[in-house]
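Participant: My questions all concern the structure below.
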Amino acid sequence: MKQMIKISDNIWEIPTSVKSGMRVPARILSSEKLIGGIDNGVIDQITNVACLPGIQKYALCMPDAHLGYGFPIGGVAAFDAQEGIISPGGIGFDINCGMRLISTNMTVEEVKPKLAEVIEELFNSVPSGVGTKGKIKLKTPDFNKLIAEGSKWCLDNGMATDDDVEHTETKGYIEGADIRAISGKAFNRGLNQIGTLGSGNHYLEIEYVRKGDIYNESVARTFGITSPQQIVIAIHCGSRGFGHQVATDYLRIFNQNSSKYGLNLKDRELAAAPITSADGEAYYAAMACAANVAFVNRQVITHFVKKSFEKVFNKTSEALGLKTIYDVAHNIARFEDYIIDGVPKRLLVHRKGATRSFGPNNADIPEVFRTVGQPVIVGGSMESGSALFVGTAYAESEYFGSTLHGSGRVMSRTKAKKLIRGDELQNNLKKQGILIRTGHIRGLAEEAGFAYKSIDDVSQAVDAIGISHLVARFVPLGNIKG
DNA sequence: ATGTTC
């Protein structure tokens with residue numbers, strides 16, 4: 001790409017001279033190995049983002065960046081809280097899609113004999129697939145309360161421990177959630193979906209620490225990862241139909257009212273509103289509601305995961321050491337304070353397929369992690385497993401406290417399905433010792449390992465840049481997919 | 001990602 005300037009081994013910059021209207025440069029954080037794989041469309045999208053009013057410093061792409069709706073997935077853009085905009089495309093349709101990692105004191109040896117049984121139990125207790133209903137029956141006042149309170153609602157309803165809530169980003173709650181910003185349609189779609197996994201790349205996975213895969217023993221211990229063969233559980237899902245409907249509702253409103261805002265967008269998919277406008281404030285309030293719903297969803301799933309393990313292994317979840325390490329959002333906008341050109345500023349940081357990566361001593365991470373930094377949970381494919389990183393002060397000072405979120409797709413769902421059948425893939429994985437349970441076998445092919453970048457390649461890139469450091473890697477044993 | 005085309 002000729003308009004890119006190489007800044008260092010892992011950083012490329014696209015200057016403002018490349019496209020008229022760019023207010024800041026774009027930066028691609030990547031590696032020699034991965035940079036060639038960045039789609040031209042991603043460059044076009046991130047330079048469009050760089051034209052948006054109020055944007056600060058750089059429009060950013062993480063190493064896992066790929067094409068998204070308007071903004072790339074794997075993108076970060078921070079806007080001045082007064083002068084800037086808020087955009088649904090910068091957050092994603094699945095508002096507060098995120099990852100939770102649960103530690104255990106069990107080993108592979110202990111779990112393997114009962115793997116099929118526990119996978120079956122999990123499959124039955126955590127409904128997955130498109131349009132499925134959850135096992136929790138909520139009435140309107142309950143759901144109102146849940147939306148307003150986030151994970152605290154789970155605490156009051158016996159589905160969380162204090163420790164679970166403490167170990168969730170911003171304690172599983174976004175300030176400013178206002179039910180009046182939610183359409184009846186969004187409310188009704190969400191009402192019966194609490195405790196459900198969804199479909200696509202959402203999953204519930206039993207993983208373990210392979211020998212040699214702990215990269216920083218002291219930080220790993222702080223996070224609750226102590227030894228090879230240790231079992232962990234990863235949950236990847238979001239706000240389901242509720243968040244999707246919020247995004248759809250406000251994209252329509254923003255498009256209808258676009259002439260009012262005078263934003264001069266490069267692409268209709270960048271639909272946005274000034275943060276301080278009535279529409280912008282309403283979308284923020286609705287997004288906060290959806291974020292709360294997603295935190296609750298992952299917490300309720302955690303509750304059923306604990307119940308499933310208790311039933312199969314005939315011990316309490318405390319005795320099995322089931323403990324939330326952390327829960328992170330990777331599709332969200334948050335108000336955060338940064339110093340820009342020496343001046344402290346309040347910004348609305350949009351992370352779409354990107355994770356917060358706060359370093360040591362940050363007041364917004366749990367006290368037990370203050371000495372090391374926050375856990376950053378990164379999902380790979382169902383063949384590669386996931387990775388645990390620690391956030392850094394460098395990420396905060398240079399890149400709005402952000403890092404990658406996953407492997408990033410390299411292949412369309414359609415193409416992946418042409419290369420392998422779902423049942424073939426399931427059999428191949430079984431031979432590798434990975435048990436997959438799904439209600440939608442044909443869709444499985446879309447999530448094949450070859451459809452994603454290597455998690456080790458993207459991990460190496462962010463580690464070299466210093467926006468997060470690798471702590472441990474986990475490989476899959478069993479996986480529930482929608 | 002998504003009651004997979006308002």
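Here, A, B, ... name the chains of the structure tokens in the order displayed, residue numbers run from 1 inside each chain, and ligands are numbered from 1 in the same displayed order.
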With 10 Å as the limit and counting only C-alpha atoms (C1' of nucleotides), what residues in chain B lie close to chain A? Please list them as a PyMOL selection string.
Facilitator: chain B and resi 1-4
Participant: Print the selection's residues with all heavy atoms to a file, as an mmCIF file, in the first residue's frame.
Facilitator:
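Resulting contents of selection.cif:
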data_model
loop_
_atom_site.group_PDB
_atom_site.id
_atom_site.type_symbol
_atom_site.label_atom_id
_atom_site.label_comp_id
_atom_site.auth_asym_id
_atom_site.auth_seq_id
_atom_site.Cartn_x
_atom_site.Cartn_y
_atom_site.Cartn_z
ATOM 1 P P DA B 1 -20.151 -13.700 14.562
ATOM 2 O OP1 DA B 1 -20.255 -15.047 14.492
ATOM 3 O OP2 DA B 1 -19.098 -12.765 14.602
ATOM 4 O "O5'" DA B 1 -21.597 -13.052 14.834
ATOM 5 C "C5'" DA B 1 -22.156 -13.130 16.120
ATOM 6 C "C4'" DA B 1 -23.018 -11.907 16.323
ATOM 7 O "O4'" DA B 1 -22.624 -10.930 15.348
ATOM 8 C "C3'" DA B 1 -24.521 -12.133 16.114
ATOM 9 O "O3'" DA B 1 -25.087 -12.424 17.386
ATOM 10 C "C2'" DA B 1 -25.006 -10.763 15.651
ATOM 11 C "C1'" DA B 1 -23.757 -10.193 14.945
ATOM 12 N N9 DA B 1 -23.854 -10.261 13.493
ATOM 13 C C8 DA B 1 -23.259 -11.136 12.636
ATOM 14 N N7 DA B 1 -23.554 -10.922 11.371
ATOM 15 C C5 DA B 1 -24.417 -9.835 11.418
ATOM 16 C C6 DA B 1 -25.092 -9.125 10.418
ATOM 17 N N6 DA B 1 -24.988 -9.414 9.110
ATOM 18 N N1 DA B 1 -25.877 -8.102 10.801
ATOM 19 C C2 DA B 1 -25.974 -7.830 12.119
ATOM 20 N N3 DA B 1 -25.390 -8.433 13.140
ATOM 21 C C4 DA B 1 -24.615 -9.428 12.720
ATOM 22 P P DT B 2 -26.367 -13.297 17.520
ATOM 23 O OP1 DT B 2 -26.839 -13.226 18.919
ATOM 24 O OP2 DT B 2 -26.079 -14.584 16.911
ATOM 25 O "O5'" DT B 2 -27.395 -12.521 16.593
ATOM 26 C "C5'" DT B 2 -28.010 -11.323 17.033
ATOM 27 C "C4'" DT B 2 -29.116 -11.036 16.035
ATOM 28 O "O4'" DT B 2 -28.550 -10.393 14.877
ATOM 29 C "C3'" DT B 2 -29.734 -12.295 15.461
ATOM 30 O "O3'" DT B 2 -30.585 -12.944 16.383
ATOM 31 C "C2'" DT B 2 -30.380 -11.724 14.208
ATOM 32 C "C1'" DT B 2 -29.307 -10.732 13.731
ATOM 33 N N1 DT B 2 -28.410 -11.322 12.693
ATOM 34 C C2 DT B 2 -28.474 -10.803 11.423
ATOM 35 O O2 DT B 2 -29.216 -9.894 11.116
ATOM 36 N N3 DT B 2 -27.635 -11.397 10.524
ATOM 37 C C4 DT B 2 -26.760 -12.444 10.778
ATOM 38 O O4 DT B 2 -26.064 -12.892 9.874
ATOM 39 C C5 DT B 2 -26.746 -12.942 12.134
ATOM 40 C C7 DT B 2 -25.825 -14.063 12.494
ATOM 41 C C6 DT B 2 -27.563 -12.356 13.021
ATOM 42 P P DG B 3 -32.090 -12.440 16.780
ATOM 43 O OP1 DG B 3 -32.362 -11.055 16.454
ATOM 44 O OP2 DG B 3 -32.075 -13.008 18.075
ATOM 45 O "O5'" DG B 3 -33.004 -13.399 15.909
ATOM 46 C "C5'" DG B 3 -33.381 -13.096 14.627
ATOM 47 C "C4'" DG B 3 -34.646 -13.878 14.347
ATOM 48 O "O4'" DG B 3 -35.621 -13.624 15.366
ATOM 49 C "C3'" DG B 3 -35.345 -13.373 13.078
ATOM 50 O "O3'" DG B 3 -34.759 -14.036 11.972
ATOM 51 C "C2'" DG B 3 -36.778 -13.831 13.316
ATOM 52 C "C1'" DG B 3 -36.917 -13.734 14.825
ATOM 53 N N9 DG B 3 -37.742 -12.587 15.271
ATOM 54 C C8 DG B 3 -38.907 -12.661 16.003
ATOM 55 N N7 DG B 3 -39.431 -11.495 16.282
ATOM 56 C C5 DG B 3 -38.566 -10.598 15.694
ATOM 57 C C6 DG B 3 -38.603 -9.177 15.653
ATOM 58 O O6 DG B 3 -39.444 -8.424 16.161
ATOM 59 N N1 DG B 3 -37.542 -8.643 14.961
ATOM 60 C C2 DG B 3 -36.561 -9.375 14.358
ATOM 61 N N2 DG B 3 -35.619 -8.694 13.726
ATOM 62 N N3 DG B 3 -36.492 -10.690 14.381
ATOM 63 C C4 DG B 3 -37.514 -11.239 15.073
ATOM 64 P P DT B 4 -34.823 -13.376 10.491
ATOM 65 O OP1 DT B 4 -35.450 -12.037 10.475
ATOM 66 O OP2 DT B 4 -35.341 -14.458 9.639
ATOM 67 O "O5'" DT B 4 -33.252 -13.216 10.174
ATOM 68 C "C5'" DT B 4 -32.742 -12.153 9.381
ATOM 69 C "C4'" DT B 4 -31.540 -12.649 8.602
ATOM 70 O "O4'" DT B 4 -30.691 -13.379 9.501
ATOM 71 C "C3'" DT B 4 -31.914 -13.672 7.509
ATOM 72 O "O3'" DT B 4 -32.296 -13.021 6.317
ATOM 73 C "C2'" DT B 4 -30.619 -14.495 7.410
ATOM 74 C "C1'" DT B 4 -30.090 -14.457 8.820
ATOM 75 N N1 DT B 4 -30.334 -15.723 9.584
ATOM 76 C C2 DT B 4 -29.296 -16.627 9.659
ATOM 77 O O2 DT B 4 -28.219 -16.436 9.114
ATOM 78 N N3 DT B 4 -29.575 -17.753 10.372
ATOM 79 C C4 DT B 4 -30.765 -18.071 11.027
ATOM 80 O O4 DT B 4 -30.884 -19.126 11.646
ATOM 81 C C5 DT B 4 -31.813 -17.078 10.894
ATOM 82 C C7 DT B 4 -33.152 -17.331 11.559
ATOM 83 C C6 DT B 4 -31.555 -15.969 10.193
#
Participant: Enumerate the residues of range 334-479 of chain A with a DSSP assignment of helix (DSSP H, G or I), computed from the backbone, and present them as a ChimeraX atom specification.
Facilitator: /A:367-369,393-398,413-419,422-431,441-447,449-451,455-465
Participant: Using only C-alpha atoms (C1' of nucleotides), which residues sit within 10 Å of Asn255 in chain A once same-chain residues fewer than 2 positions away are excluded, as a list in words?
Facilitator: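 What passes the distance filter is Tyr250, Leu251, Arg252, Ile253, Asn257, Ser258, Ser259, Lys260, Arg268, Glu269, Leu270, Ala271, Ala272 and Ala273 of chain A.
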Participant: What lies within 10 Å of range 160-168 of chain A using only C-alpha atoms (C1' of nucleotides), ignoring chain neighbours under 3 positions off, as a ChimeraX atom specification?
Facilitator: /A:100,102,150-157,171-173,295-296,298-300,302-303,323-329,365-369,375
Participant: Out of range 166-407 of chain A, which residues get strand (DSSP E or B) from DSSP, as a PyMOL selection string?
Facilitator: chain A and resi 203-214+230-237+273-274+323-329+331-340+343-352+355-356+375-379+386-391+402-403+406
Participant: Could you please determine the separation between CA of Met62 in chain A and CA of Val209 in chain A in Å, to one decimal place?
Facilitator: 25.5 Å
Participant: Compare A:Gly41, A:Gly385, A:Gly443, A:Gly408 by their minimum atom-to-atom distance to Ala65 in chain A, counting only C-alpha atoms, and give me the closest one.
Facilitator: A:Gly408
Participant: Applying 9 Å and only C-alpha atoms (C1' of nucleotides), which residues near Leu29 in chain A remain after dropping the ones on its own chain fewer than 5 positions away? List them as a compact mmCIF listing (two decimals) with all heavy atoms, in the first residue's frame.
Facilitator:
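File result_38.txt, as written:
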# COMPACT_ATOMS: atom_id res chain seq x y z
N ASN A 10 6.16 -2.49 13.69
CA ASN A 10 4.78 -2.95 13.83
C ASN A 10 3.73 -1.86 13.64
O ASN A 10 2.55 -2.10 13.89
CB ASN A 10 4.59 -3.59 15.21
CG ASN A 10 5.40 -4.84 15.37
OD1 ASN A 10 6.55 -4.80 15.78
ND2 ASN A 10 4.82 -5.96 15.00
N ILE A 11 4.16 -0.67 13.20
CA ILE A 11 3.21 0.44 13.10
C ILE A 11 3.30 1.11 11.74
O ILE A 11 4.39 1.48 11.28
CB ILE A 11 3.46 1.47 14.23
CG1 ILE A 11 3.29 0.78 15.60
CG2 ILE A 11 2.52 2.66 14.11
CD1 ILE A 11 3.75 1.61 16.77
N TRP A 12 2.15 1.26 11.08
CA TRP A 12 2.07 1.97 9.81
C TRP A 12 1.11 3.14 9.96
O TRP A 12 0.12 3.05 10.70
CB TRP A 12 1.55 1.02 8.72
CG TRP A 12 2.59 0.04 8.25
CD1 TRP A 12 3.36 0.13 7.12
CD2 TRP A 12 2.97 -1.19 8.89
NE1 TRP A 12 4.19 -0.96 7.02
CE2 TRP A 12 3.98 -1.78 8.09
CE3 TRP A 12 2.57 -1.84 10.06
CZ2 TRP A 12 4.59 -3.00 8.42
CZ3 TRP A 12 3.17 -3.05 10.39
CH2 TRP A 12 4.17 -3.62 9.59
N GLU A 13 1.41 4.23 9.26
CA GLU A 13 0.55 5.42 9.36
C GLU A 13 0.08 5.86 7.98
O GLU A 13 0.84 5.82 7.02
CB GLU A 13 1.31 6.56 10.05
CG GLU A 13 0.42 7.76 10.33
CD GLU A 13 1.00 8.70 11.38
OE1 GLU A 13 1.21 8.27 12.53
OE2 GLU A 13 1.24 9.87 11.03
N ILE A 35 0.61 -7.34 7.73
CA ILE A 35 0.20 -6.06 7.11
C ILE A 35 -0.29 -6.25 5.67
O ILE A 35 -1.24 -5.60 5.24
CB ILE A 35 1.33 -4.99 7.20
CG1 ILE A 35 0.80 -3.60 6.79
CG2 ILE A 35 2.57 -5.36 6.39
CD1 ILE A 35 -0.10 -2.95 7.79
N LEU A 60 -7.64 4.21 14.62
CA LEU A 60 -6.77 3.04 14.82
C LEU A 60 -7.33 1.73 14.31
O LEU A 60 -8.52 1.46 14.45
CB LEU A 60 -6.53 2.86 16.32
CG LEU A 60 -5.69 3.92 17.02
CD1 LEU A 60 -5.78 3.73 18.53
CD2 LEU A 60 -4.25 3.81 16.56
N CYS A 61 -6.41 0.93 13.75
CA CYS A 61 -6.73 -0.47 13.45
C CYS A 61 -5.81 -1.37 14.25
O CYS A 61 -4.60 -1.16 14.29
CB CYS A 61 -6.50 -0.79 11.97
SG CYS A 61 -7.82 -0.26 10.90
N MET A 62 -6.38 -2.38 14.86
CA MET A 62 -5.62 -3.39 15.58
C MET A 62 -5.17 -4.48 14.58
O MET A 62 -5.69 -4.54 13.47
CB MET A 62 -6.50 -4.00 16.69
CG MET A 62 -6.91 -2.98 17.74
SD MET A 62 -5.46 -2.38 18.62
CE MET A 62 -5.97 -0.71 19.01
N PRO A 63 -4.26 -5.37 14.98
CA PRO A 63 -3.76 -6.38 14.04
C PRO A 63 -4.84 -7.33 13.52
O PRO A 63 -4.66 -7.96 12.48
CB PRO A 63 -2.74 -7.17 14.86
CG PRO A 63 -2.38 -6.29 15.99
CD PRO A 63 -3.57 -5.45 16.28
N ALA A 461 2.10 -9.57 17.48
CA ALA A 461 2.10 -8.17 17.04
C ALA A 461 1.80 -7.22 18.21
O ALA A 461 2.55 -6.28 18.46
CB ALA A 461 1.10 -7.97 15.90
N VAL A 462 0.71 -7.48 18.96
CA VAL A 462 0.37 -6.54 20.05
C VAL A 462 1.40 -6.59 21.17
O VAL A 462 1.67 -5.57 21.82
CB VAL A 462 -1.05 -6.76 20.63
CG1 VAL A 462 -2.11 -6.42 19.62
CG2 VAL A 462 -1.24 -8.15 21.19
N ILE A 465 4.29 -4.46 20.01
CA ILE A 465 3.94 -3.04 20.07
C ILE A 465 3.91 -2.57 21.53
O ILE A 465 4.27 -1.44 21.84
CB ILE A 465 2.58 -2.79 19.38
CG1 ILE A 465 2.67 -3.14 17.89
CG2 ILE A 465 2.12 -1.35 19.55
CD1 ILE A 465 1.33 -3.39 17.23
